[in-house]
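Shown here: work26.txt, compact mmCIF, C-alpha atoms.
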# COMPACT_ATOMS: atom_id res chain seq x y z
CA MET A 340 -39.80 -47.94 -48.79
CA LYS A 341 -36.22 -48.33 -47.63
CA TYR A 342 -33.70 -50.93 -48.75
CA THR A 343 -32.75 -53.43 -46.08
CA ASP A 344 -29.20 -53.86 -44.82
CA GLU A 345 -29.05 -57.17 -46.67
CA GLU A 346 -30.06 -55.60 -49.96
CA ILE A 347 -27.47 -52.86 -49.56
CA SER A 348 -24.79 -55.37 -48.64
CA ARG A 349 -25.64 -57.52 -51.66
CA ALA A 350 -25.53 -54.52 -53.98
CA ALA A 351 -22.31 -53.33 -52.36
CA ARG A 352 -20.54 -56.59 -53.15
CA GLU A 353 -21.23 -55.86 -56.81
CA LEU A 354 -19.22 -52.66 -56.50
CA HIS A 355 -16.07 -54.74 -56.35
CA ARG A 356 -14.52 -54.32 -59.80
CA GLU A 357 -11.87 -56.30 -61.53
CA TRP A 358 -10.27 -55.56 -64.85
CA GLU A 359 -7.23 -56.65 -66.73
CA SER A 360 -4.30 -54.27 -66.67
CA PRO A 361 -1.32 -56.19 -68.06
CA GLN A 362 0.84 -53.05 -68.18
CA LEU A 363 0.37 -52.10 -64.54
CA TRP A 364 2.86 -54.49 -62.91
CA PRO A 365 5.62 -53.76 -65.47
CA ARG A 366 4.97 -50.06 -64.82
CA ILE A 367 5.22 -50.55 -61.07
CA GLN A 368 8.31 -52.71 -61.51
CA ALA A 369 10.01 -50.02 -63.63
CA ALA A 370 9.03 -47.30 -61.15
CA LEU A 371 10.42 -49.34 -58.25
CA ALA A 372 13.65 -50.02 -60.15
CA ALA A 373 14.02 -46.32 -60.88
CA GLU A 374 13.33 -45.50 -57.24
CA ALA A 375 15.89 -48.10 -56.10
CA ALA A 376 18.50 -46.67 -58.46
CA ARG A 377 17.73 -43.15 -57.26
CA ALA A 378 17.99 -44.26 -53.63
CA GLU A 379 21.29 -46.01 -54.41
CA ARG A 380 22.68 -42.86 -56.04
CA SER A 381 21.44 -40.81 -53.13
CA ARG A 382 23.08 -43.20 -50.66
CA ALA A 383 26.34 -43.11 -52.62
CA LEU A 384 26.26 -39.32 -52.75
CA HIS A 385 25.47 -39.25 -49.06
CA VAL A 386 28.42 -41.50 -48.24
CA ARG A 387 30.72 -39.59 -50.59
CA GLY A 388 29.53 -36.33 -49.04
CA TRP A 389 30.32 -37.59 -45.56
CA LEU A 390 33.72 -38.87 -46.63
CA SER A 391 34.54 -35.50 -48.21
CA LEU A 392 33.35 -33.72 -45.09
CA ALA A 393 35.40 -36.03 -42.89
CA ALA A 394 38.49 -35.45 -45.03
CA ALA A 395 37.96 -31.69 -44.99
CA ALA A 396 37.44 -31.78 -41.24
CA ALA A 397 40.63 -33.79 -40.75
CA VAL A 398 42.59 -31.27 -42.85
CA LEU A 399 41.01 -28.41 -40.94
CA VAL A 400 41.77 -29.96 -37.56
CA PHE A 401 45.34 -30.66 -38.62
CA GLY A 402 45.76 -27.12 -39.94
CA VAL A 403 44.25 -25.53 -36.87
CA SER A 404 46.33 -27.66 -34.52
CA VAL A 405 49.51 -26.73 -36.42
CA LEU A 406 48.53 -23.06 -36.34
CA LEU A 407 47.64 -23.17 -32.65
CA ARG A 408 50.87 -24.93 -31.83
CA ALA A 409 52.82 -22.36 -33.82
CA ARG A 410 50.96 -19.48 -32.17
CA ALA A 411 51.10 -20.91 -28.71
CA PRO A 412 53.67 -18.98 -26.66
CA LEU A 413 56.61 -21.08 -25.56
CA PRO A 414 57.26 -21.18 -21.83
CA GLY A 415 58.79 -17.88 -20.83
CA VAL A 416 58.36 -16.33 -24.28
CA PRO A 417 55.78 -13.55 -24.75
CA ALA A 418 53.00 -14.23 -27.28
CA ALA A 419 53.92 -11.31 -29.51
CA GLU A 420 57.48 -12.49 -29.76
CA ALA A 421 56.32 -16.02 -30.53
CA GLU A 422 54.24 -14.70 -33.41
CA ARG A 423 57.15 -12.67 -34.73
CA ARG A 424 59.31 -15.72 -34.43
CA LEU A 425 56.92 -17.73 -36.55
CA LEU A 426 56.84 -15.09 -39.27
CA THR A 427 60.53 -14.08 -39.33
CA ASP A 428 62.35 -17.17 -38.26
CA LYS A 429 63.51 -18.03 -41.75
CA ALA A 430 64.49 -14.42 -42.53
CA LEU A 431 66.33 -14.19 -39.22
CA ARG A 432 68.36 -17.31 -39.95
CA GLU A 433 69.35 -15.74 -43.26
CA VAL A 434 70.32 -12.43 -41.56
CA GLU A 435 72.36 -14.19 -38.90
CA ARG A 436 74.19 -16.26 -41.50
CA THR A 437 75.05 -13.14 -43.55
CA GLU A 438 75.93 -11.19 -40.43
CA SER A 439 78.23 -13.97 -39.26
CA ASP A 440 80.10 -13.93 -42.59
CA TYR A 441 80.38 -10.15 -42.41
CA VAL A 442 81.69 -10.19 -38.83
CA ARG A 443 84.22 -12.87 -39.78
CA SER A 444 85.52 -10.60 -42.59
CA ILE A 445 85.77 -7.59 -40.26
CA ASP A 446 87.51 -9.70 -37.61
CA GLU A 447 90.01 -10.75 -40.26
CA LEU A 448 90.55 -7.11 -41.16
CA SER A 449 90.91 -6.24 -37.44
CA ARG A 450 93.49 -8.98 -37.03
CA VAL A 451 95.54 -7.57 -39.94
CA ALA A 452 95.22 -3.96 -38.67
CA ALA A 453 95.72 -4.80 -34.97
CA PRO A 454 99.57 -4.45 -34.86
CA LYS A 455 99.43 -1.01 -36.44
CA VAL A 456 96.65 0.14 -34.13
CA GLU A 457 98.45 -1.09 -31.02
CA GLU A 458 101.68 0.51 -32.05
CA ALA A 459 100.03 3.77 -33.00
CA GLY A 460 102.35 6.73 -32.42
CA SER A 461 100.66 9.53 -34.37
CA PRO A 462 97.72 11.42 -32.89
CA LEU A 463 95.61 10.29 -35.91
CA MET A 464 96.36 6.62 -35.33
CA MET A 465 95.73 7.05 -31.60
CA GLY A 466 92.40 8.60 -32.50
CA TYR A 467 91.59 5.57 -34.77
CA ARG A 468 92.54 3.22 -31.95
CA GLU A 469 90.27 5.05 -29.50
CA LYS A 470 87.44 5.04 -32.05
CA LEU A 471 87.86 1.29 -32.64
CA LEU A 472 87.74 0.67 -28.86
CA LEU A 473 84.53 2.68 -28.64
CA LEU A 474 83.07 0.81 -31.64
CA ASP A 475 83.99 -2.57 -30.12
CA SER A 476 82.37 -1.50 -26.87
CA ALA A 477 79.22 -0.34 -28.71
CA ILE A 478 79.17 -3.57 -30.77
CA ALA A 479 79.45 -5.69 -27.61
CA GLU A 480 76.63 -3.76 -25.94
CA CYS A 481 74.47 -4.02 -29.08
CA ARG A 482 75.08 -7.79 -29.34
CA ALA A 483 74.14 -8.21 -25.71
CA ARG A 484 70.84 -6.44 -26.36
CA ILE A 485 70.25 -8.52 -29.48
CA ASP A 486 70.83 -11.72 -27.50
CA ARG A 487 67.90 -10.66 -25.32
CA ASN A 488 65.72 -9.97 -28.39
CA ARG A 489 66.91 -11.69 -31.51
CA PHE A 490 63.97 -10.35 -33.55
CA ASN A 491 64.64 -6.69 -32.95
CA ALA A 492 65.35 -5.42 -36.46
CA ARG A 493 66.34 -1.92 -35.24
CA LEU A 494 69.16 -3.34 -33.07
CA ARG A 495 70.36 -5.43 -35.99
CA ARG A 496 70.45 -2.35 -38.22
CA GLU A 497 72.34 -0.53 -35.47
CA LEU A 498 74.81 -3.43 -35.16
CA LEU A 499 75.29 -3.46 -38.93
CA SER A 500 75.93 0.28 -38.86
CA LEU A 501 78.56 -0.18 -36.11
CA TYR A 502 80.27 -2.94 -38.06
CA GLN A 503 80.26 -0.78 -41.20
CA GLU A 504 81.79 2.03 -39.21
CA LYS A 505 84.42 -0.35 -37.80
CA GLN A 506 85.12 -1.63 -41.31
CA HIS A 507 85.47 1.94 -42.57
CA THR A 508 87.78 2.84 -39.62
CA LEU A 509 89.96 -0.24 -40.19
CA GLN A 510 90.16 0.63 -43.88
CA GLN A 511 91.25 4.17 -42.85
CA VAL A 512 93.93 2.64 -40.57
CA MET A 513 95.19 0.44 -43.41
CA LYS A 514 95.08 3.41 -45.78
CA GLU A 515 97.06 5.58 -43.33
CA GLU A 516 99.67 2.83 -43.06
CA THR A 517 99.96 2.61 -46.86
CA ASP A 518 100.18 6.39 -47.15
CA ALA A 519 102.86 6.47 -44.42
CA LEU A 520 105.06 4.02 -46.36
CA MET B 612 18.51 -53.16 -54.27
CA TRP B 613 15.55 -53.79 -56.57
CA HIS B 614 15.96 -56.66 -58.95
CA GLY B 615 12.37 -57.28 -60.07
CA GLY B 616 12.63 -61.04 -59.77
CA GLU B 617 10.58 -63.19 -62.10
CA ASP B 618 10.33 -66.27 -59.95
CA ALA B 619 8.31 -64.92 -57.12
CA THR B 620 7.49 -67.21 -54.28
CA SER B 621 5.29 -66.47 -51.33
CA ASP B 622 7.41 -67.56 -48.42
CA TRP B 623 9.93 -64.90 -47.50
CA THR B 624 10.66 -61.81 -45.59
CA VAL B 625 12.15 -58.59 -46.91
CA PRO B 626 15.87 -58.19 -46.13
CA GLY B 627 15.47 -54.43 -45.55
CA ASN B 628 12.94 -55.14 -42.83
CA PRO B 629 12.54 -58.69 -41.49
CA LEU B 630 9.18 -57.70 -40.04
CA LEU B 631 7.83 -57.34 -43.55
CA ARG B 632 6.63 -60.82 -44.20
CA LEU B 633 3.72 -61.52 -46.43
CA ASP B 634 0.82 -62.87 -44.45
CA PHE B 635 -1.03 -64.68 -47.19
CA THR B 636 1.07 -67.77 -46.91
CA GLU B 637 1.27 -70.47 -44.31
CA GLU B 638 4.82 -71.39 -45.25
CA ALA B 639 7.87 -70.41 -43.26
CA SER B 640 9.74 -67.30 -44.22
CA VAL B 641 12.96 -67.67 -46.18
CA PRO B 642 15.38 -64.84 -45.42
CA GLY B 643 17.53 -63.43 -48.16
CA GLN B 644 14.94 -62.64 -50.79
CA ASP B 645 14.90 -59.09 -52.08
CA GLU B 646 12.18 -56.46 -51.96
CA GLY B 647 11.37 -57.06 -55.61
CA VAL B 648 10.08 -60.54 -54.85
CA PHE B 649 8.10 -59.23 -51.91
CA PHE B 650 6.35 -56.55 -53.94
CA GLU B 651 5.73 -58.80 -56.91
CA GLU B 652 4.05 -61.37 -54.72
CA LEU B 653 2.10 -58.65 -52.97
CA TYR B 654 0.83 -57.44 -56.32
CA ARG B 655 -0.03 -60.93 -57.54
CA SER B 656 -1.97 -61.72 -54.39
CA HIS B 657 -3.62 -58.37 -53.75
CA GLY B 658 -3.40 -56.41 -57.02
CA ALA B 659 -7.02 -56.95 -58.08
CA ARG B 660 -8.34 -55.98 -54.67
CA MET B 661 -6.02 -52.96 -54.53
CA LYS B 662 -7.31 -51.70 -57.87
CA SER B 663 -10.91 -52.18 -56.78
CA VAL B 664 -10.34 -50.28 -53.51
CA ALA B 665 -8.67 -47.46 -55.41
CA TYR B 666 -11.34 -47.41 -58.10
CA ASN B 667 -14.17 -47.11 -55.60
CA ILE B 668 -12.44 -44.26 -53.80
CA LEU B 669 -11.30 -42.41 -56.92
CA GLY B 670 -13.99 -43.36 -59.41
CA SER B 671 -11.61 -43.80 -62.31
CA ALA B 672 -9.71 -46.85 -63.52
CA ALA B 673 -6.75 -44.76 -64.70
CA ASP B 674 -6.56 -42.88 -61.41
CA ALA B 675 -6.88 -46.17 -59.54
CA GLU B 676 -3.92 -47.68 -61.39
CA ASP B 677 -1.87 -44.53 -60.81
CA ALA B 678 -2.72 -44.69 -57.11
CA VAL B 679 -1.73 -48.36 -56.85
CA GLN B 680 1.60 -47.60 -58.51
CA GLU B 681 2.20 -44.64 -56.22
CA ALA B 682 1.30 -46.77 -53.19
CA PHE B 683 3.97 -49.30 -54.17
CA LEU B 684 6.53 -46.52 -54.39
CA ARG B 685 5.51 -45.12 -51.01
CA ALA B 686 5.64 -48.60 -49.49
CA TYR B 687 9.13 -49.08 -50.90
CA ARG B 688 10.29 -45.77 -49.46
CA SER B 689 8.79 -46.41 -46.03
CA MET B 690 9.68 -50.09 -45.77
CA SER B 691 12.20 -49.50 -43.01
CA SER B 692 9.56 -47.79 -40.88
CA PHE B 693 7.30 -50.85 -40.79
CA LYS B 694 7.01 -51.73 -37.11
CA GLY B 695 5.47 -55.16 -37.44
CA THR B 696 2.45 -54.24 -35.32
CA ALA B 697 0.16 -54.92 -38.30
CA ARG B 698 0.27 -57.48 -41.05
CA ALA B 699 2.26 -56.45 -44.12
CA SER B 700 -0.79 -56.51 -46.39
CA THR B 701 -2.76 -54.37 -43.93
CA TRP B 702 0.17 -51.98 -43.74
CA PHE B 703 0.12 -51.75 -47.53
CA TYR B 704 -3.64 -51.12 -47.71
CA ARG B 705 -3.22 -48.27 -45.25
CA ILE B 706 -0.65 -46.74 -47.60
CA LEU B 707 -2.98 -47.35 -50.53
CA VAL B 708 -6.00 -45.69 -48.92
CA ASN B 709 -3.94 -42.66 -47.90
CA THR B 710 -2.47 -42.49 -51.40
CA CYS B 711 -5.96 -42.62 -52.91
CA HIS B 712 -7.05 -39.67 -50.77
CA ASP B 713 -3.96 -37.72 -51.82
CA VAL B 714 -4.49 -38.55 -55.49
CA GLY B 715 -8.18 -37.66 -55.14
CA ARG B 716 -7.33 -34.26 -53.70
CA GLN B 717 -4.85 -33.62 -56.51
CA ARG B 718 -7.40 -34.62 -59.15
CA ARG B 719 -10.13 -32.48 -57.59
CA ARG B 720 -7.83 -29.47 -57.55
CA ARG B 721 -6.90 -30.12 -61.13
CA ARG B 722 -10.49 -30.59 -62.27
CA GLY B 723 -11.98 -28.00 -59.95
CA GLU B 724 -14.39 -30.59 -58.60
CA THR B 725 -15.60 -31.00 -55.07
CA GLU B 726 -16.57 -34.65 -55.23
CA LEU B 727 -15.21 -37.68 -56.94
CA GLY B 728 -17.28 -40.74 -57.53
CA PRO B 729 -17.38 -43.75 -59.80
CA GLU B 730 -17.50 -42.53 -63.38
CA ASP B 731 -17.74 -45.88 -65.10
CA GLN B 732 -14.44 -45.37 -66.85
CA LEU B 733 -13.60 -49.01 -66.54
CA PRO B 734 -11.99 -50.69 -69.52
CA PRO B 735 -14.13 -53.05 -71.61
CA SER B 736 -12.46 -56.02 -69.92
CA ALA B 737 -14.28 -55.17 -66.68
CA ALA B 738 -17.38 -57.36 -66.76
CA ALA B 739 -20.47 -55.67 -65.42
CA PRO B 740 -21.59 -57.54 -62.34
CA ALA B 741 -24.90 -59.30 -62.53
CA GLY B 742 -27.70 -58.38 -60.17
CA ASP B 743 -29.65 -55.24 -59.48
CA ALA B 744 -27.93 -52.89 -61.92
CA PRO B 745 -30.11 -49.84 -61.15
CA LEU B 746 -29.49 -50.27 -57.41
CA ARG B 747 -25.75 -50.71 -58.01
CA VAL B 748 -25.55 -47.49 -60.02
CA THR B 749 -27.56 -45.60 -57.45
CA LEU B 750 -25.50 -47.09 -54.64
CA GLU B 751 -22.27 -46.04 -56.35
CA LYS B 752 -23.46 -42.46 -56.49
CA ALA B 753 -24.72 -42.56 -52.93
CA VAL B 754 -21.47 -44.03 -51.60
CA ALA B 755 -19.54 -41.27 -53.36
CA ARG B 756 -21.51 -38.74 -51.32
CA LEU B 757 -20.72 -40.32 -47.96
CA ARG B 758 -18.22 -38.66 -45.64
CA PRO B 759 -14.73 -39.97 -46.47
CA ARG B 760 -14.28 -42.08 -43.34
CA GLN B 761 -17.80 -43.58 -43.64
CA ARG B 762 -17.16 -44.32 -47.30
CA ASP B 763 -13.79 -45.95 -46.55
CA VAL B 764 -15.28 -48.24 -43.92
CA PHE B 765 -18.27 -49.11 -46.09
CA LEU B 766 -16.09 -49.90 -49.12
CA LEU B 767 -13.56 -51.94 -47.16
CA PHE B 768 -16.17 -53.91 -45.22
CA GLU B 769 -19.10 -54.35 -47.60
CA VAL B 770 -17.38 -54.20 -50.98
CA GLU B 771 -13.94 -55.69 -50.31
CA GLY B 772 -14.78 -57.96 -47.41
CA PHE B 773 -12.25 -56.79 -44.80
CA LEU B 774 -12.95 -57.49 -41.16
CA HIS B 775 -13.49 -54.63 -38.71
CA ARG B 776 -10.21 -55.57 -37.04
CA GLU B 777 -8.38 -55.18 -40.35
CA ILE B 778 -10.22 -51.97 -41.20
CA ALA B 779 -9.24 -50.57 -37.81
CA GLU B 780 -5.59 -51.24 -38.65
CA ILE B 781 -5.85 -49.89 -42.18
CA LEU B 782 -7.61 -46.66 -41.19
CA ASP B 783 -5.83 -46.36 -37.85
CA ILE B 784 -9.06 -46.23 -35.88
CA ALA B 785 -10.58 -48.33 -33.13
CA GLU B 786 -12.51 -51.42 -34.11
CA GLY B 787 -15.60 -50.00 -32.43
CA THR B 788 -15.24 -46.82 -34.45
CA SER B 789 -15.16 -48.91 -37.61
CA LYS B 790 -18.41 -50.58 -36.62
CA ALA B 791 -20.00 -47.25 -35.72
CA LEU B 792 -18.93 -45.67 -39.01
CA LEU B 793 -20.36 -48.62 -40.94
CA PHE B 794 -23.66 -48.30 -39.07
CA GLU B 795 -23.82 -44.57 -39.85
CA ALA B 796 -22.90 -45.18 -43.48
CA LYS B 797 -25.67 -47.73 -43.90
CA ARG B 798 -28.26 -45.46 -42.29
CA GLU B 799 -27.15 -42.69 -44.61
CA LEU B 800 -27.35 -44.94 -47.64
CA GLN B 801 -30.74 -46.32 -46.65
CA SER B 802 -32.02 -42.79 -46.41
CA VAL B 803 -30.62 -41.74 -49.79
CA LEU B 804 -31.53 -44.98 -51.56
CA GLY B 805 -35.01 -44.98 -50.03
CA GLU B 806 -35.79 -41.69 -51.69
CA ALA B 807 -34.58 -43.06 -55.02
CA ARG B 808 -36.36 -46.42 -54.75
CA PRO B 809 -39.25 -46.82 -57.15
CA ALA B 810 -42.54 -47.38 -55.43
Output the file's structure in the form of structure tokens.
Amino acid sequence: MKYTDEEISRAARELHREWESPQLWPRIQAALAAEAARAERSRALHVRGWLSLAAAAAVLVFGVSVLLRARAPLPGVPAAEAERRLLTDKALREVERTESDYVRSIDELSRVAAPKVEEAGSPLMMGYREKLLLLDSAIAECRARIDRNRFNARLRRELLSLYQEKQHTLQQVMKEETDAL
Amino acid sequence: MWHGGEDATSDWTVPGNPLLRLDFTEEASVPGQDEGVFFEELYRSHGARMKSVAYNILGSAADAEDAVQEAFLRAYRSMSSFKGTARASTWFYRILVNTCHDVGRQRRRRRGETELGPEDQLPPSAAAPAGDAPLRVTLEKAVARLRPRQRDVFLLFEVEGFLHREIAEILDIAEGTSKALLFEAKRELQSVLGEARPA
């Protein structure tokens, strides 16, 4: 004989169980507090992470923009030259400053030696004068080429060599004058 | 932020989700209360029923309490996803039932069992209900052997007194499906109990 629906329903209602568990809510409360604290830490880390990322991105963007601007060829200037300019600009300024001082010294020496060179009567002095004219011509040509390419180190070495030769020649002129006295 | 308020009232919404408003009060909601108050009131109003639901699914008082605690944690984590299409308590029971199934699977794996049913591990404070004790014991065992969905509907409707509309929301099924599952469950139980009934 089967149980009726009513009998089953009545028995089922007795399956509802209640018992005291005084520790359950404090447990849940503690677990929720821990979860809230964890979520708060996670949120803080998340925000801090984003701020760090944003800062890093800003630095990166700034750095890249500076680099791109530095690498970008100026109007009318080839890219390779622009790159060289970036890398050697400081060194070039130093070279030009030193070179300028050196040229000023040689010009001073030329000014002192000029009367003797112009009044040269001996074949040796005439030879020095001709050599100095050739050196001045070579120096002028070299400077013109350097003006077209200020970063050409070979031309600068060549110019330096010409100046050294001029200095040496002027010293020879001055020496010849002293010897002649 | 969780504060675990002591002076819980039953007339508020949860700041994190204004849709989360307890539905066991007729009073107007008072914005600004924290989640702690919401959950405390939820536990005070529904805790006993939650434990009973969990016990009948898991068959162990300790597992039931663990499941209730875990359900509160899951509810806290998913509070922002509450859409307001169901009542807050119904939403919580859905989380609880799903949690019970997850806990049940974990326990079965751990114990190497295939079925979980009431094991009468209730604490001494749980008074044994009066009535047909032999039928109740047999019914408990028979319910444990029902298919999970049939068992859920039977427990929620016959044992805990939910309406089919509420069960449909809790189990995410159609109301008609809830009725059909209950019908099937009862036929199944009648068959099993009939064999066990003394002549």
Original post:
Do you have the atom CA of Leu707 of chain B-atom CA of Leu750 of chain B distance handy?
Top reply: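 Going from atom CA of Leu707 of chain B over to atom CA of Leu750 of chain B covers 22.9 Å.
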**OP:** Go through B:Leu774, B:Ala791, B:Ala672, B:Cys711 and flag the residue nearest chain A, using only C-alpha atoms for the distances.
**Re:**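 Counting only C-alpha atoms, the residue closest to chain A is B:Ala672.
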Subject >> Closest of B:Val679, B:Val764, B:Gln801, B:Pro745 to Ile778 of chain B - atom-to-atom distances counting only C-alpha atoms >> reply: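 That would be B:Val764, the residue with the smallest distance to Ile778 of chain B.
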Original post:
Restricting the calculation to all atoms listed in the file, which member of B:Arg721, B:Lys694, B:Arg716, B:Arg688 is positioned closest to chain A?
Top reply: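 Counting all atoms listed in the file, the residue closest to chain A is B:Arg688.
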Original post:
What does the distance from atom CA of Arg377 of chain A to atom CA of Ser700 of chain B come to in Å, to one decimal?
Top reply: 25.3 Å
**OP:** Can you work out the spacing between atom CA of Lys752 of chain B and atom CA of Leu804 of chain B in Å, to one decimal?
**Re:** 9.8 Å
Original post:
Restricting the calculation to all atoms listed in the file, which member of B:Arg719, B:His657, B:Arg747, B:Arg798 is positioned closest to Leu669 of chain B?
Top reply: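 For Leu669 of chain B, the nearest of the given residues is B:Arg719.
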Original post:
Counting all atoms listed in the file, which residues of chain A come no farther than 12 Å from chain B, as a VMD selection string?
Top reply: chain A and resid 340 to 380 382
Subject >> Exercise: segment 451-466 of chain A partners within 8 Å, all atoms listed in the file, chain neighbours under 4 positions left out, as a ChimeraX atom specification >> reply: /A:447,470,509,512-513,516
**OP:** May I ask which of the residues A:Ser439, A:Ser476, A:Ser444, A:Asn491 is the closest one to Gln506 of chain A, counting only C-alpha atoms?
**Re:**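 Of A:Ser439, A:Ser476, A:Ser444, A:Asn491, the one nearest Gln506 of chain A is A:Ser444, counting only C-alpha atoms.
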